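Take a look at the structure set out below.
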Amino acid sequence: MPVNTLTISTPKSNVINTGVRISNPNSKECINTYAIWDTGATNSVITKSTAETLGLIPISMAEVMGVHGSKVVPVYMVSITLQNENISLLSEVTECEELSADCDTGMLVGMNIIGMGDFSIS
């Protein structure tokens with residue numbers, strides 16, 4: 001069985017931020033963007049602008065709870081490829097507002113994805 005790993009070395013920071021490729025599994029439209037890794041997030045999210053750019057169509061709606069309270073948002077199915085190009089997966093994600101002032105961060109990686117592997121920070 002192949003072992004796929006993603007190792008990132010960065011200066012001390014309070015944000016874990018990596019490159020990802022997000023694709024629409026139906027149209028194969030894709031974008032390269034940054035993702036924030038958040039162990040406090042139960043599920044992964046993409047920004048509204050990322051969903052619009054990819055032409056995603058919601059597969060359902062979900063009530064999410066965040067720092068600003070409860071909200072009903074679209075749920076999408078996306079293909080995600082991590083920065084090392086060896087790890088790709090299909091996942092449901094919910095929609096959120098922008099994650100960065102310059103809109104260069106299109107995704108937040110939550111525990112539904114982090115929990116698929118071993119996660120270590122040192």
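By convention in this document, the chains of the structure tokens carry letters A, B, ... by their order, each chain's residues are numbered from 1, and ligands are numbered from 1 in the order they are shown.
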Fewer than 5 positions away in the same chain doesn't count, so skip those; otherwise give me all residues within 6 Å of Arg21 (chain A), counting only C-alpha atoms, as an NGL selection string. :A and (31-32 or 80-81)
For the selection you just gave me, I'd like the residues written to a file as an mmCIF file, in the first residue's frame, keeping N, CA, C and O atoms.
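Listing of out_15.cif after writing:
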data_model
loop_
_atom_site.group_PDB
_atom_site.id
_atom_site.type_symbol
_atom_site.label_atom_id
_atom_site.label_comp_id
_atom_site.auth_asym_id
_atom_site.auth_seq_id
_atom_site.Cartn_x
_atom_site.Cartn_y
_atom_site.Cartn_z
ATOM 1 N N ILE A 31 -9.362 25.344 -9.529
ATOM 2 C CA ILE A 31 -8.587 26.519 -9.150
ATOM 3 C C ILE A 31 -7.518 26.103 -8.149
ATOM 4 O O ILE A 31 -7.686 25.143 -7.398
ATOM 5 N N ASN A 32 -6.415 26.823 -8.169
ATOM 6 C CA ASN A 32 -5.390 26.692 -7.143
ATOM 7 C C ASN A 32 -5.587 27.830 -6.167
ATOM 8 O O ASN A 32 -5.764 28.982 -6.580
ATOM 9 N N ILE A 80 -10.519 17.609 -3.962
ATOM 10 C CA ILE A 80 -9.450 18.398 -3.344
ATOM 11 C C ILE A 80 -8.134 17.674 -3.548
ATOM 12 O O ILE A 80 -8.029 16.479 -3.254
ATOM 13 N N THR A 81 -7.138 18.376 -4.052
ATOM 14 C CA THR A 81 -5.796 17.823 -4.187
ATOM 15 C C THR A 81 -4.868 18.674 -3.337
ATOM 16 O O THR A 81 -4.807 19.898 -3.509
#
Check chain A with DSSP on the backbone and list each residue it calls alpha helix (DSSP H), as a PyMOL selection string. chain A and resi 48-54+111-114
Selection export as a PDB file, in the first residue's frame, atoms kept: C-alpha atoms:
ATOM      1  CA  LYS A  48     -18.662  31.650  -1.776  1.00  0.00           C
ATOM      2  CA  SER A  49     -16.335  33.117  -4.446  1.00  0.00           C
ATOM      3  CA  THR A  50     -14.583  29.732  -4.859  1.00  0.00           C
ATOM      4  CA  ALA A  51     -17.955  28.002  -5.348  1.00  0.00           C
ATOM      5  CA  GLU A  52     -18.985  30.628  -7.910  1.00  0.00           C
ATOM      6  CA  THR A  53     -15.670  30.402  -9.799  1.00  0.00           C
ATOM      7  CA  LEU A  54     -15.999  26.610 -10.032  1.00  0.00           C
ATOM      8  CA  MET A 111     -11.476  17.693  10.913  1.00  0.00           C
ATOM      9  CA  ASN A 112     -13.520  15.696   8.379  1.00  0.00           C
ATOM     10  CA  ILE A 113     -10.373  15.767   6.201  1.00  0.00           C
ATOM     11  CA  ILE A 114      -7.655  16.134   8.867  1.00  0.00           C
TER      12      ILE A 114
END
Counting only C-alpha atoms, figure out which residue out of A:Asp38, A:Glu85, A:Glu29, A:Glu92 gets nearest to Val109 (chain A).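 Closest to Val109 (chain A), using only C-alpha atoms: A:Asp38.
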In Å, with one decimal, what is the gap from CA of Asn86 (chain A) to CA of Ser27 (chain A)?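 So the two atoms, CA of Asn86 (chain A) and CA of Ser27 (chain A), lie 21.5 Å apart.
Ranking A:Thr18, A:Ser60, A:Asn26, A:Thr94 by their shortest atom-to-atom distance to Ala41 (chain A), with only C-alpha atoms included, puts A:Thr94 first.
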Between CA of Val93 (chain A) and CA of Met116 (chain A), measure the distance and give it in Å to one decimal.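 It comes out at 15.0 Å.
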Between CA of Glu95 (chain A) and CA of Gln83 (chain A), what distance in Å does the model show, to one decimal? 21.5 Å
Which residue is closest to Thr39 (chain A)? Choose from A:Leu90, A:Glu98, A:Ile16, A:Val67 and count only C-alpha atoms.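 Distance minimum relative to Thr39 (chain A) lands on A:Ile16.
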Selection near Ile36 (chain A), 10 Å with only C-alpha atoms, sequence-local residues under 3 positions removed, as a PDB file with N, CA and C atoms, in the first residue's frame:
ATOM      1  N   VAL A  15      -0.921  30.356  11.992  1.00  0.00           N
ATOM      2  CA  VAL A  15      -1.826  29.869  10.950  1.00  0.00           C
ATOM      3  C   VAL A  15      -1.122  28.778  10.149  1.00  0.00           C
ATOM      4  N   ILE A  16      -1.805  27.646   9.956  1.00  0.00           N
ATOM      5  CA  ILE A  16      -1.311  26.600   9.061  1.00  0.00           C
ATOM      6  C   ILE A  16      -2.003  26.830   7.731  1.00  0.00           C
ATOM      7  N   ASN A  17      -1.230  27.165   6.717  1.00  0.00           N
ATOM      8  CA  ASN A  17      -1.760  27.589   5.430  1.00  0.00           C
ATOM      9  C   ASN A  17      -0.986  26.859   4.336  1.00  0.00           C
ATOM     10  N   THR A  18      -1.681  26.083   3.499  1.00  0.00           N
ATOM     11  CA  THR A  18      -1.014  25.348   2.419  1.00  0.00           C
ATOM     12  C   THR A  18      -1.751  25.569   1.106  1.00  0.00           C
ATOM     13  N   GLY A  19      -1.095  25.253   0.026  1.00  0.00           N
ATOM     14  CA  GLY A  19      -1.723  25.298  -1.282  1.00  0.00           C
ATOM     15  C   GLY A  19      -2.611  24.084  -1.497  1.00  0.00           C
ATOM     16  N   VAL A  20      -3.722  24.272  -2.185  1.00  0.00           N
ATOM     17  CA  VAL A  20      -4.621  23.183  -2.569  1.00  0.00           C
ATOM     18  C   VAL A  20      -5.168  23.465  -3.966  1.00  0.00           C
ATOM     19  N   THR A  39      -8.144  22.737  13.219  1.00  0.00           N
ATOM     20  CA  THR A  39      -8.545  21.580  14.030  1.00  0.00           C
ATOM     21  C   THR A  39      -9.786  21.869  14.871  1.00  0.00           C
ATOM     22  N   SER A  44     -15.040  20.843   6.588  1.00  0.00           N
ATOM     23  CA  SER A  44     -14.323  21.744   5.689  1.00  0.00           C
ATOM     24  C   SER A  44     -15.291  22.671   4.974  1.00  0.00           C
ATOM     25  N   VAL A  45     -14.802  23.848   4.599  1.00  0.00           N
ATOM     26  CA  VAL A  45     -15.622  24.844   3.916  1.00  0.00           C
ATOM     27  C   VAL A  45     -14.848  25.454   2.757  1.00  0.00           C
ATOM     28  N   LEU A  99     -12.252  34.167   3.542  1.00  0.00           N
ATOM     29  CA  LEU A  99     -11.364  33.791   4.637  1.00  0.00           C
ATOM     30  C   LEU A  99     -10.137  34.693   4.743  1.00  0.00           C
ATOM     31  N   SER A 100      -9.923  35.558   3.743  1.00  0.00           N
ATOM     32  CA  SER A 100      -8.777  36.467   3.778  1.00  0.00           C
ATOM     33  C   SER A 100      -9.156  37.774   3.098  1.00  0.00           C
ATOM     34  N   THR A 105      -7.360  32.922  -0.113  1.00  0.00           N
ATOM     35  CA  THR A 105      -7.602  31.693   0.636  1.00  0.00           C
ATOM     36  C   THR A 105      -9.034  31.251   0.370  1.00  0.00           C
ATOM     37  N   GLY A 106      -9.176  30.155  -0.371  1.00  0.00           N
ATOM     38  CA  GLY A 106     -10.498  29.707  -0.798  1.00  0.00           C
ATOM     39  C   GLY A 106     -11.066  28.551  -0.022  1.00  0.00           C
ATOM     40  N   MET A 107     -10.310  28.039   0.983  1.00  0.00           N
ATOM     41  CA  MET A 107     -10.777  26.850   1.685  1.00  0.00           C
ATOM     42  C   MET A 107     -10.291  26.828   3.118  1.00  0.00           C
ATOM     43  N   LEU A 108     -11.091  26.216   3.968  1.00  0.00           N
ATOM     44  CA  LEU A 108     -10.697  25.903   5.334  1.00  0.00           C
ATOM     45  C   LEU A 108     -10.786  24.388   5.458  1.00  0.00           C
ATOM     46  N   VAL A 109      -9.680  23.736   5.794  1.00  0.00           N
ATOM     47  CA  VAL A 109      -9.639  22.281   5.942  1.00  0.00           C
ATOM     48  C   VAL A 109     -10.005  21.947   7.384  1.00  0.00           C
ATOM     49  N   GLY A 110     -11.129  21.245   7.562  1.00  0.00           N
ATOM     50  CA  GLY A 110     -11.607  20.884   8.890  1.00  0.00           C
ATOM     51  C   GLY A 110     -11.292  19.436   9.240  1.00  0.00           C
TER      52      GLY A 110
END
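Remark: for Ala62 (chain A), the closest of the candidate residues A:Pro25, A:Gly115, A:Pro11, A:Pro74 is A:Pro74 (distances computed over only C-alpha atoms).
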With DSSP run on the backbone, what are the strand (DSSP E) residues within region 10-113 of chain A? I'd like them as a PyMOL selection string. chain A and resi 17-23+30-37+45-47+60-66+69-82+88-96+105-109
Output of the above residues as a compact mmCIF listing (two decimals), in the first residue's frame, restricted to N, CA and C atoms:
# COMPACT_ATOMS: atom_id res chain seq x y z
N ASN A 17 -1.23 27.16 6.72
CA ASN A 17 -1.76 27.59 5.43
C ASN A 17 -0.99 26.86 4.34
N THR A 18 -1.68 26.08 3.50
CA THR A 18 -1.01 25.35 2.42
C THR A 18 -1.75 25.57 1.11
N GLY A 19 -1.09 25.25 0.03
CA GLY A 19 -1.72 25.30 -1.28
C GLY A 19 -2.61 24.08 -1.50
N VAL A 20 -3.72 24.27 -2.19
CA VAL A 20 -4.62 23.18 -2.57
C VAL A 20 -5.17 23.46 -3.97
N ARG A 21 -5.61 22.40 -4.63
CA ARG A 21 -6.35 22.55 -5.88
C ARG A 21 -7.75 22.03 -5.61
N ILE A 22 -8.74 22.84 -5.89
CA ILE A 22 -10.14 22.45 -5.70
C ILE A 22 -10.78 22.34 -7.07
N SER A 23 -11.47 21.23 -7.31
CA SER A 23 -12.07 20.98 -8.62
C SER A 23 -13.55 20.68 -8.49
N CYS A 30 -11.16 23.81 -12.29
CA CYS A 30 -10.40 23.79 -11.04
C CYS A 30 -9.70 25.12 -10.80
N ILE A 31 -9.36 25.34 -9.53
CA ILE A 31 -8.59 26.52 -9.15
C ILE A 31 -7.52 26.10 -8.15
N ASN A 32 -6.42 26.82 -8.17
CA ASN A 32 -5.39 26.69 -7.14
C ASN A 32 -5.59 27.83 -6.17
N THR A 33 -5.58 27.50 -4.89
CA THR A 33 -5.81 28.50 -3.86
C THR A 33 -5.07 28.07 -2.60
N TYR A 34 -5.22 28.83 -1.55
CA TYR A 34 -4.66 28.45 -0.25
C TYR A 34 -5.77 27.93 0.64
N ALA A 35 -5.38 27.07 1.59
CA ALA A 35 -6.32 26.53 2.58
C ALA A 35 -5.73 26.72 3.96
N ILE A 36 -6.58 27.13 4.89
CA ILE A 36 -6.22 27.21 6.30
C ILE A 36 -6.64 25.89 6.94
N TRP A 37 -5.74 25.27 7.70
CA TRP A 37 -6.04 24.02 8.41
C TRP A 37 -6.54 24.39 9.80
N VAL A 45 -14.80 23.85 4.60
CA VAL A 45 -15.62 24.84 3.92
C VAL A 45 -14.85 25.45 2.76
N ILE A 46 -15.58 25.96 1.78
CA ILE A 46 -14.99 26.77 0.72
C ILE A 46 -15.71 28.11 0.71
N THR A 47 -15.03 29.10 0.18
CA THR A 47 -15.64 30.43 0.13
C THR A 47 -16.70 30.49 -0.97
N SER A 60 -27.13 20.02 -1.35
CA SER A 60 -28.09 20.12 -0.25
C SER A 60 -27.82 21.42 0.49
N MET A 61 -28.53 21.62 1.57
CA MET A 61 -28.32 22.76 2.46
C MET A 61 -28.03 22.19 3.85
N ALA A 62 -27.28 22.97 4.66
CA ALA A 62 -26.96 22.52 6.01
C ALA A 62 -26.93 23.71 6.95
N GLU A 63 -27.32 23.46 8.19
CA GLU A 63 -27.20 24.49 9.21
C GLU A 63 -25.81 24.35 9.83
N VAL A 64 -25.06 25.44 9.81
CA VAL A 64 -23.71 25.43 10.39
C VAL A 64 -23.66 26.43 11.54
N MET A 65 -22.77 26.14 12.49
CA MET A 65 -22.58 27.02 13.63
C MET A 65 -21.14 27.52 13.59
N GLY A 66 -20.99 28.83 13.61
CA GLY A 66 -19.66 29.42 13.60
C GLY A 66 -19.56 30.50 14.65
N GLY A 69 -22.58 32.73 14.89
CA GLY A 69 -23.89 32.15 15.12
C GLY A 69 -24.25 31.08 14.11
N SER A 70 -25.53 30.74 14.07
CA SER A 70 -26.04 29.69 13.21
C SER A 70 -26.50 30.27 11.87
N LYS A 71 -26.29 29.47 10.81
CA LYS A 71 -26.66 29.93 9.47
C LYS A 71 -26.92 28.71 8.58
N VAL A 72 -27.87 28.80 7.67
CA VAL A 72 -28.13 27.74 6.69
C VAL A 72 -27.37 28.09 5.41
N VAL A 73 -26.53 27.16 4.94
CA VAL A 73 -25.66 27.41 3.80
C VAL A 73 -25.69 26.24 2.82
N PRO A 74 -25.27 26.48 1.57
CA PRO A 74 -25.20 25.39 0.59
C PRO A 74 -24.09 24.39 0.92
N VAL A 75 -24.32 23.15 0.53
CA VAL A 75 -23.33 22.07 0.63
C VAL A 75 -22.95 21.69 -0.80
N TYR A 76 -21.65 21.54 -1.05
CA TYR A 76 -21.14 21.18 -2.37
C TYR A 76 -20.28 19.92 -2.28
N MET A 77 -20.16 19.20 -3.38
CA MET A 77 -19.20 18.10 -3.50
C MET A 77 -18.04 18.62 -4.33
N VAL A 78 -16.81 18.49 -3.82
CA VAL A 78 -15.63 18.96 -4.53
C VAL A 78 -14.53 17.91 -4.48
N SER A 79 -13.63 18.00 -5.42
CA SER A 79 -12.41 17.20 -5.42
C SER A 79 -11.29 18.11 -4.91
N ILE A 80 -10.52 17.61 -3.96
CA ILE A 80 -9.45 18.40 -3.34
C ILE A 80 -8.13 17.67 -3.55
N THR A 81 -7.14 18.38 -4.05
CA THR A 81 -5.80 17.82 -4.19
C THR A 81 -4.87 18.67 -3.34
N LEU A 82 -4.16 18.02 -2.42
CA LEU A 82 -3.26 18.75 -1.54
C LEU A 82 -1.98 19.13 -2.27
N SER A 88 -5.37 13.16 -3.12
CA SER A 88 -6.60 13.74 -3.68
C SER A 88 -7.78 13.03 -3.05
N LEU A 89 -8.85 13.76 -2.83
CA LEU A 89 -10.03 13.16 -2.24
C LEU A 89 -11.27 13.92 -2.66
N LEU A 90 -12.40 13.24 -2.57
CA LEU A 90 -13.71 13.82 -2.85
C LEU A 90 -14.35 14.09 -1.50
N SER A 91 -14.89 15.30 -1.32
CA SER A 91 -15.46 15.64 -0.02
C SER A 91 -16.62 16.61 -0.16
N GLU A 92 -17.58 16.49 0.76
CA GLU A 92 -18.61 17.51 0.89
C GLU A 92 -18.03 18.67 1.67
N VAL A 93 -18.36 19.88 1.25
CA VAL A 93 -17.93 21.09 1.94
C VAL A 93 -19.12 22.04 2.01
N THR A 94 -19.12 22.90 3.01
CA THR A 94 -20.14 23.92 3.09
C THR A 94 -19.55 25.25 2.63
N GLU A 95 -20.42 26.22 2.44
CA GLU A 95 -20.01 27.54 1.94
C GLU A 95 -19.81 28.51 3.10
N CYS A 96 -18.81 29.38 2.96
CA CYS A 96 -18.57 30.43 3.95
C CYS A 96 -18.24 31.74 3.23
N THR A 105 -7.36 32.92 -0.11
CA THR A 105 -7.60 31.69 0.64
C THR A 105 -9.03 31.25 0.37
N GLY A 106 -9.18 30.16 -0.37
CA GLY A 106 -10.50 29.71 -0.80
C GLY A 106 -11.07 28.55 -0.02
N MET A 107 -10.31 28.04 0.98
CA MET A 107 -10.78 26.85 1.68
C MET A 107 -10.29 26.83 3.12
N LEU A 108 -11.09 26.22 3.97
CA LEU A 108 -10.70 25.90 5.33
C LEU A 108 -10.79 24.39 5.46
N VAL A 109 -9.68 23.74 5.79
CA VAL A 109 -9.64 22.28 5.94
C VAL A 109 -10.00 21.95 7.38
